[in-house]
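Source file: protein18.pdb. Holds: PDB, C-alpha atoms.
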```pdb
ATOM      1  CA  MET A  95     -29.779  13.442   6.854
ATOM      2  CA  PHE A  96     -27.247  11.491   8.867
ATOM      3  CA  LYS A  97     -24.637  12.074   6.171
ATOM      4  CA  ASN A  98     -25.121  15.842   6.464
ATOM      5  CA  GLN A  99     -24.820  15.714  10.230
ATOM      6  CA  ILE A 100     -21.492  13.943   9.904
ATOM      7  CA  TYR A 101     -20.269  16.538   7.420
ATOM      8  CA  LYS A 102     -21.393  19.523   9.452
ATOM      9  CA  LYS A 103     -20.542  18.363  12.946
ATOM     10  CA  ALA A 104     -17.429  16.265  12.618
ATOM     11  CA  LEU A 105     -15.197  18.594  10.634
ATOM     12  CA  TYR A 106     -12.048  19.862  12.380
ATOM     13  CA  GLN A 107     -10.405  23.158  11.470
ATOM     14  CA  ALA A 108      -6.813  22.906  10.274
ATOM     15  CA  PRO A 109      -4.519  24.989  12.522
ATOM     16  CA  ASP A 110      -3.547  28.422  11.170
ATOM     17  CA  GLU A 111       0.157  28.004  11.932
ATOM     18  CA  LEU A 112       0.293  25.053   9.551
ATOM     19  CA  GLU A 113      -1.296  27.150   6.834
ATOM     20  CA  ILE A 114       1.505  29.707   7.087
ATOM     21  CA  LYS A 115       4.195  27.042   6.839
ATOM     22  CA  ILE A 116       2.574  25.369   3.857
ATOM     23  CA  LEU A 117       1.940  28.589   1.964
ATOM     24  CA  LEU A 118       5.529  29.652   2.573
ATOM     25  CA  HIS A 119       6.759  26.365   1.165
ATOM     26  CA  ALA A 120       4.500  26.788  -1.863
ATOM     27  CA  ALA A 121       5.799  30.309  -2.435
ATOM     28  CA  GLU A 122       9.432  29.238  -2.089
ATOM     29  CA  LYS A 123       8.917  26.374  -4.468
ATOM     30  CA  ILE A 124       7.380  28.482  -7.199
ATOM     31  CA  ASN A 125      10.018  31.213  -6.805
ATOM     32  CA  PHE A 126      12.788  28.653  -6.959
ATOM     33  CA  SER A 127      11.542  27.193 -10.242
ATOM     34  CA  LYS A 128      11.099  30.675 -11.716
ATOM     35  CA  GLU A 129      14.611  31.713 -10.609
ATOM     36  CA  THR A 130      16.101  28.635 -12.194
ATOM     37  CA  GLU A 131      14.358  29.482 -15.442
ATOM     38  CA  ASN A 132      15.592  33.077 -15.378
ATOM     39  CA  ASN A 133      19.188  32.120 -14.616
ATOM     40  CA  TRP A 134      19.289  29.869 -17.606
ATOM     41  CA  LEU A 135      18.093  32.709 -19.823
ATOM     42  CA  ASP A 136      20.603  35.084 -18.283
ATOM     43  CA  TYR A 137      23.429  32.762 -19.172
ATOM     44  CA  ALA A 138      22.139  32.045 -22.651
ATOM     45  CA  GLY A 139      21.365  35.661 -23.533
ATOM     46  CA  TRP A 140      24.870  36.635 -24.633
ATOM     47  CA  ILE A 141      25.254  33.805 -27.178
ATOM     48  CA  PRO A 142      23.657  35.632 -30.173
ATOM     49  CA  PHE A 143      26.148  38.496 -29.731
ATOM     50  CA  LEU A 144      29.241  36.303 -29.734
ATOM     51  CA  GLY A 145      29.742  36.463 -33.521
ATOM     52  CA  PHE A 146      29.366  40.223 -33.501
ATOM     53  CA  PHE A 147      32.005  40.615 -30.807
ATOM     54  CA  LEU A 148      34.476  38.422 -32.685
ATOM     55  CA  LEU A 149      34.023  40.479 -35.838
ATOM     56  CA  LEU A 150      34.408  43.696 -33.843
ATOM     57  CA  LYS A 151      37.613  42.383 -32.302
ATOM     58  CA  ASP A 152      39.073  41.672 -35.761
ATOM     59  CA  LEU A 153      38.001  45.107 -36.962
ATOM     60  CA  ILE A 154      39.672  46.879 -34.035
ATOM     61  CA  LYS A 155      42.882  44.935 -34.461
ATOM     62  CA  ASN A 156      42.728  45.658 -38.180
ATOM     63  CA  ASN A 157      42.845  41.949 -38.920
ATOM     64  CA  ARG A 158      41.087  40.277 -41.747
ATOM     65  CA  PHE A 159      37.624  39.128 -40.700
ATOM     66  CA  THR A 160      37.763  35.468 -39.934
ATOM     67  CA  ILE A 161      34.844  33.138 -40.085
ATOM     68  CA  SER A 162      36.946  30.142 -39.239
ATOM     69  CA  PRO A 163      40.699  29.676 -38.941
ATOM     70  CA  GLY A 164      40.786  28.277 -42.495
ATOM     71  CA  PHE A 165      39.107  31.174 -44.286
ATOM     72  CA  GLY A 166      39.788  34.863 -44.268
ATOM     73  CA  ILE A 167      37.762  37.624 -45.903
TER
ATOM     74  CA  MET B 243     -12.287  27.051 -11.634
ATOM     75  CA  THR B 244     -11.331  23.381 -11.332
ATOM     76  CA  ASP B 245      -8.572  22.101  -9.075
ATOM     77  CA  LYS B 246      -6.383  21.480 -12.063
ATOM     78  CA  GLU B 247      -6.901  24.993 -13.389
ATOM     79  CA  LEU B 248      -6.097  26.433  -9.965
ATOM     80  CA  LEU B 249      -2.848  24.517  -9.843
ATOM     81  CA  VAL B 250      -1.856  25.600 -13.359
ATOM     82  CA  GLU B 251      -2.447  29.180 -12.223
ATOM     83  CA  TYR B 252      -0.252  28.529  -9.207
ATOM     84  CA  LEU B 253       2.521  27.146 -11.382
ATOM     85  CA  ASN B 254       2.310  30.360 -13.403
ATOM     86  CA  GLY B 255       3.064  32.290 -10.245
ATOM     87  CA  ASN B 256      -0.399  32.979  -8.828
ATOM     88  CA  MET B 257      -0.187  32.204  -5.120
ATOM     89  CA  ASN B 258      -3.843  33.101  -4.603
ATOM     90  CA  ALA B 259      -4.792  30.147  -6.769
ATOM     91  CA  PHE B 260      -2.832  27.811  -4.527
ATOM     92  CA  HIS B 261      -4.400  29.383  -1.477
ATOM     93  CA  THR B 262      -7.858  28.675  -2.886
ATOM     94  CA  PHE B 263      -6.900  25.054  -3.516
ATOM     95  CA  TYR B 264      -5.545  24.817   0.021
ATOM     96  CA  GLU B 265      -8.719  26.340   1.472
ATOM     97  CA  ASN B 266     -10.826  23.793  -0.401
ATOM     98  CA  TYR B 267      -9.127  20.792   1.183
ATOM     99  CA  LYS B 268      -7.414  21.869   4.398
ATOM    100  CA  ASP B 269     -10.213  21.087   6.852
ATOM    101  CA  SER B 270     -11.306  17.816   5.313
ATOM    102  CA  LEU B 271      -7.724  16.574   4.996
ATOM    103  CA  TYR B 272      -7.005  17.641   8.556
ATOM    104  CA  THR B 273     -10.160  15.870   9.789
ATOM    105  CA  PHE B 274      -9.095  12.735   7.941
ATOM    106  CA  LEU B 275      -5.644  12.757   9.514
ATOM    107  CA  LYS B 276      -6.945  13.740  12.930
ATOM    108  CA  ASN B 277      -9.265  10.759  12.985
ATOM    109  CA  ARG B 278      -6.750   8.364  11.498
ATOM    110  CA  SER B 279      -3.620   9.358  13.347
ATOM    111  CA  GLY B 280      -4.615  11.486  16.363
ATOM    112  CA  GLU B 281      -1.628  13.326  17.748
ATOM    113  CA  HIS B 282       0.397  12.968  14.533
ATOM    114  CA  ALA B 283      -2.193  14.829  12.483
ATOM    115  CA  ASP B 284      -0.293  18.136  12.387
ATOM    116  CA  ASP B 285       2.948  16.591  11.144
ATOM    117  CA  LEU B 286       1.230  14.418   8.594
ATOM    118  CA  PHE B 287      -0.912  17.290   7.355
ATOM    119  CA  GLN B 288       2.109  19.472   6.712
ATOM    120  CA  GLU B 289       4.064  16.602   5.180
ATOM    121  CA  THR B 290       1.187  15.752   2.852
ATOM    122  CA  PHE B 291       0.987  19.273   1.459
ATOM    123  CA  VAL B 292       4.766  19.638   1.198
ATOM    124  CA  ARG B 293       5.009  16.421  -0.794
ATOM    125  CA  PHE B 294       2.060  17.440  -2.923
ATOM    126  CA  ILE B 295       3.672  20.813  -3.748
ATOM    127  CA  ASP B 296       7.021  19.187  -4.506
ATOM    128  CA  ALA B 297       5.378  16.690  -6.838
ATOM    129  CA  LEU B 298       3.341  19.414  -8.476
ATOM    130  CA  THR B 299       6.411  21.385  -9.486
ATOM    131  CA  LYS B 300       7.985  18.286 -10.986
ATOM    132  CA  LYS B 301       5.180  16.578 -12.859
ATOM    133  CA  GLU B 302       1.649  16.959 -14.106
ATOM    134  CA  ILE B 303      -1.044  15.815 -11.687
ATOM    135  CA  ASN B 304      -4.311  14.951 -13.353
ATOM    136  CA  LYS B 305      -6.444  14.225 -10.302
ATOM    137  CA  PRO B 306      -5.205  16.587  -7.597
ATOM    138  CA  LYS B 307      -7.731  15.625  -4.905
ATOM    139  CA  SER B 308      -7.070  11.910  -5.317
ATOM    140  CA  TYR B 309      -3.347  12.539  -5.422
ATOM    141  CA  LEU B 310      -3.463  14.585  -2.226
ATOM    142  CA  PHE B 311      -5.312  11.862  -0.348
ATOM    143  CA  GLN B 312      -3.117   9.172  -1.834
ATOM    144  CA  ILE B 313      -0.097  10.904  -0.329
ATOM    145  CA  ALA B 314      -1.864  11.164   3.034
ATOM    146  CA  MET B 315      -2.767   7.473   2.978
ATOM    147  CA  ASN B 316       0.756   6.454   2.032
ATOM    148  CA  LEU B 317       2.153   8.509   4.887
ATOM    149  CA  LEU B 318      -0.320   6.914   7.280
ATOM    150  CA  ARG B 319       0.600   3.470   6.023
ATOM    151  CA  ASN B 320       4.283   4.191   6.443
ATOM    152  CA  ARG B 321       3.804   5.559   9.913
ATOM    153  CA  SER B 322       1.728   2.738  11.180
ATOM    154  CA  ARG B 323       1.558  -0.682   9.695
ATOM    155  CA  GLN B 324      -1.173  -1.542  12.158
ATOM    156  CA  ALA B 325      -4.004  -0.578   9.845
ATOM    157  CA  LYS B 326      -5.310  -3.997   9.145
ATOM    158  CA  ILE B 327      -7.022  -4.724   5.898
ATOM    159  CA  ILE B 328     -10.419  -6.226   6.468
ATOM    160  CA  LEU B 329     -11.448  -8.680   3.832
ATOM    161  CA  LEU B 330     -15.117  -9.077   3.202
ATOM    162  CA  SER B 331     -16.460 -12.433   2.219
ATOM    163  CA  PRO B 332     -18.749 -12.513  -0.821
ATOM    164  CA  GLU B 333     -21.761 -13.232   1.399
ATOM    165  CA  TYR B 334     -21.003 -10.345   3.640
ATOM    166  CA  ASP B 335     -23.199  -7.325   3.315
ATOM    167  CA  VAL B 336     -25.147  -4.951   5.451
ATOM    168  CA  PRO B 337     -28.773  -4.065   4.938
ATOM    169  CA  ASP B 338     -28.911  -2.207   1.661
ATOM    170  CA  GLN B 339     -30.519   0.887   3.017
ATOM    171  CA  GLU B 340     -29.312   4.415   2.565
ATOM    172  CA  THR B 341     -30.143   4.945   6.188
ATOM    173  CA  GLU B 342     -29.695   8.697   5.993
ATOM    174  CA  GLU B 343     -33.118   9.081   4.435
ATOM    175  CA  GLU B 344     -34.728   7.293   7.338
ATOM    176  CA  ASP B 345     -35.288   7.937  10.990
ATOM    177  CA  GLU B 346     -33.316  11.114  11.316
ATOM    178  CA  PHE B 347     -31.948  11.414  14.823
ATOM    179  CA  PRO B 348     -30.040  14.379  16.207
ATOM    180  CA  VAL B 349     -26.480  13.715  17.245
ATOM    181  CA  LYS B 350     -24.273  15.832  19.460
ATOM    182  CA  GLU B 351     -21.144  17.153  17.798
ATOM    183  CA  GLU B 352     -18.786  15.722  20.392
ATOM    184  CA  GLU B 353     -20.401  12.278  20.276
ATOM    185  CA  LEU B 354     -20.162  12.230  16.523
ATOM    186  CA  LYS B 355     -16.495  13.195  16.570
ATOM    187  CA  LEU B 356     -15.723  10.489  19.113
ATOM    188  CA  SER B 357     -17.615   7.899  17.110
ATOM    189  CA  LEU B 358     -15.742   8.809  13.946
ATOM    190  CA  LEU B 359     -12.473   8.565  15.856
ATOM    191  CA  LYS B 360     -13.442   5.096  17.061
ATOM    192  CA  LEU B 361     -14.423   4.025  13.568
ATOM    193  CA  ALA B 362     -11.089   5.299  12.205
ATOM    194  CA  LYS B 363      -9.191   3.388  14.871
ATOM    195  CA  GLU B 364     -11.091   0.134  14.691
ATOM    196  CA  LYS B 365     -12.015   0.018  11.017
ATOM    197  CA  PRO B 366      -9.587   2.306   9.161
ATOM    198  CA  GLU B 367     -10.441   0.923   5.742
ATOM    199  CA  PHE B 368     -14.123   1.653   6.338
ATOM    200  CA  TYR B 369     -13.398   5.074   7.711
ATOM    201  CA  ASP B 370     -11.371   5.989   4.607
ATOM    202  CA  VAL B 371     -14.308   5.240   2.341
ATOM    203  CA  LEU B 372     -16.767   7.127   4.515
ATOM    204  CA  HIS B 373     -14.494  10.137   4.703
ATOM    205  CA  LEU B 374     -13.780  10.287   0.987
ATOM    206  CA  HIS B 375     -17.457   9.916   0.158
ATOM    207  CA  ILE B 376     -18.867  12.366   2.683
ATOM    208  CA  PHE B 377     -16.163  14.971   3.167
ATOM    209  CA  GLU B 378     -14.529  14.867  -0.234
ATOM    210  CA  LYS B 379     -17.722  14.167  -2.163
ATOM    211  CA  MET B 380     -15.996  11.458  -4.140
ATOM    212  CA  THR B 381     -18.136   8.878  -5.902
ATOM    213  CA  PHE B 382     -17.690   5.172  -5.198
ATOM    214  CA  ASP B 383     -16.119   4.842  -8.632
ATOM    215  CA  GLN B 384     -13.552   7.529  -7.840
ATOM    216  CA  ILE B 385     -12.775   5.956  -4.466
ATOM    217  CA  SER B 386     -12.527   2.569  -6.101
ATOM    218  CA  ASP B 387     -10.014   4.061  -8.523
ATOM    219  CA  LEU B 388      -8.036   5.706  -5.744
ATOM    220  CA  LYS B 389      -7.980   2.682  -3.438
ATOM    221  CA  GLN B 390      -7.625   0.232  -6.330
ATOM    222  CA  GLN B 391     -10.414  -1.874  -4.970
ATOM    223  CA  ASN B 392     -13.628  -3.220  -6.378
ATOM    224  CA  ARG B 393     -16.530  -0.772  -6.463
ATOM    225  CA  ASN B 394     -18.818  -3.214  -4.636
ATOM    226  CA  THR B 395     -16.297  -3.568  -1.852
ATOM    227  CA  ILE B 396     -16.160   0.211  -1.570
ATOM    228  CA  SER B 397     -19.940   0.623  -1.389
ATOM    229  CA  SER B 398     -20.218  -2.204   1.149
ATOM    230  CA  ARG B 399     -17.574  -0.565   3.283
ATOM    231  CA  TYR B 400     -19.401   2.716   3.133
ATOM    232  CA  ARG B 401     -22.665   1.139   4.220
ATOM    233  CA  TYR B 402     -20.916  -0.758   6.966
ATOM    234  CA  ALA B 403     -19.237   2.433   8.179
ATOM    235  CA  ILE B 404     -22.567   4.264   8.341
ATOM    236  CA  HIS B 405     -24.153   1.327  10.131
ATOM    237  CA  TYR B 406     -21.237   1.103  12.540
ATOM    238  CA  LEU B 407     -21.534   4.796  13.390
ATOM    239  CA  ARG B 408     -25.247   4.475  13.977
ATOM    240  CA  LYS B 409     -24.577   1.529  16.248
ATOM    241  CA  LEU B 410     -22.145   3.607  18.286
ATOM    242  CA  LEU B 411     -24.603   6.472  18.517
ATOM    243  CA  GLN B 412     -27.663   4.317  19.129
ATOM    244  CA  PRO B 413     -26.458   1.486  21.361
ATOM    245  CA  GLY B 414     -29.730  -0.400  20.972
ATOM    246  CA  LEU B 415     -29.067  -0.983  17.291
ATOM    247  CA  GLU B 416     -27.663  -4.400  16.463
ATOM    248  CA  LEU B 417     -24.387  -4.421  14.576
ATOM    249  CA  VAL B 418     -24.366  -6.492  11.420
ATOM    250  CA  LYS B 419     -21.921  -9.324  11.774
ATOM    251  CA  GLU B 420     -18.647  -8.771  10.017
ATOM    252  CA  VAL B 421     -17.144 -11.848   8.406
TER
END
```

As structure tokens, the full file:
Amino acid sequence: MFKNQIYKKALYQAPDELEIKILLHAAEKINFSKETENNWLDYAGWIPFLGFFLLLKDLIKNNRFTISPGFGI
Amino acid sequence: MTDKELLVEYLNGNMNAFHTFYENYKDSLYTFLKNRSGEHADDLFQETFVRFIDALTKKEINKPKSYLFQIAMNLLRNRSRQAKIILLSPEYDVPDQETEEEDEFPVKEEELKLSLLKLAKEKPEFYDVLHLHIFEKMTFDQISDLKQQNRNTISSRYRYAIHYLRKLLQPGLELVKEV
């Protein structure tokens, strides 16, 4: 069929050097988005321990445990 | 695995999935750009994929193949405003024959490539349809959706493109008059 001849005979091969550039860009892009995600988690990871550290600080200084400046236990 | 599934895999860190997607379209996209833009094909090819990747990491792409070719066409349009849009009058049509079933004639590879190049230069809108239908295996409905043009216009353009190519390859054949 004419259509098949066009498909088989008129196809050009994309140059290999372009493939390398494009795959590198794809790899960089996916690593960048993953890094961004990880950094955010790194920064956020210490938040749950904040309360514990404040209580520990009061304990070491032999202060009364404070939940907020207005209340003491 | 569908294109969309491959790209989801890629976004989850699987570079092999992206490579498969790239392998599926690299030659046909390159052929499209080579015929449409000649010496600028390399730049446009790289730019198309870079833009596609950038978009992919920012938003969901439902029809990756269409999106890829849409980017390529936009880049072509930006680069050269010469691509004239050929309007077909309602009476215009070419013989409604799927000529590929008939009178098979062997064509030399080089002649075919040159003829496609000529078609792309002289009738870019027709070439686009032919390329998307033959190389990308897109249906007329899908092309119509991509080009935002009537399905009948798309199928007429395809038939005209085939007829035009045959005319180039068989000089004795009379070209249907374009209105």

Box for stretch 99-105 of chain A: with edges along x, y and z, all listed atoms inside and 6 Å added on each side, what are the centre and edge lengths in Å to one decimal, as AutoDock Vina command-line options?
```
--center_x -20.0 --center_y 16.7 --center_z 10.2 --size_x 21.6 --size_y 17.6 --size_z 17.5
```

Using all atoms listed in the file, what table do you get, as a tab-separated table, when you list each residue of chain A with an atom no more than 6 Å from chain B, its nearest pair of atoms, and their distance in Å rounded to one decimal, rows by chain then rising number?
```
residue	atom	partner	partner_atom	distance
A:Met95	CA	B:Glu342	CA	4.8
A:Phe96	CA	B:Glu342	CA	4.7
A:Lys103	CA	B:Glu351	CA	5.0
A:Ala104	CA	B:Lys355	CA	5.1
A:Leu105	CA	B:Thr273	CA	5.8
A:Tyr106	CA	B:Thr273	CA	5.1
A:Gln107	CA	B:Asp269	CA	5.1
A:Ala108	CA	B:Asp269	CA	5.2
```

Cut-off 10 Å around (-6.2, 10.6, -3.9) with all atoms listed in the file: residues as a list of chain:residue names: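 Residues found, by chain and rising number: B:Lys305, B:Pro306, B:Lys307, B:Ser308, B:Tyr309, B:Leu310, B:Phe311, B:Gln312, B:Ile313, B:Ala314, B:Met315, B:Leu374, B:Met380, B:Gln384, B:Ile385, B:Asp387, B:Leu388, B:Lys389.
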
Between atom CA of B:Glu367 and atom CA of B:Tyr400 - distance in Å to one decimal: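 Computing the Euclidean distance for atom CA of B:Tyr400 and atom CA of B:Glu367 yields 9.5 Å.
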
Distance in Å - atom CA of B:Ala297 versus atom CA of B:Lys246: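 Computing the Euclidean distance for atom CA of B:Ala297 and atom CA of B:Lys246 yields 13.7 Å.
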
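We find atom CA of A:Leu118 and atom CA of B:Glu251 to be spaced 16.8 Å apart.
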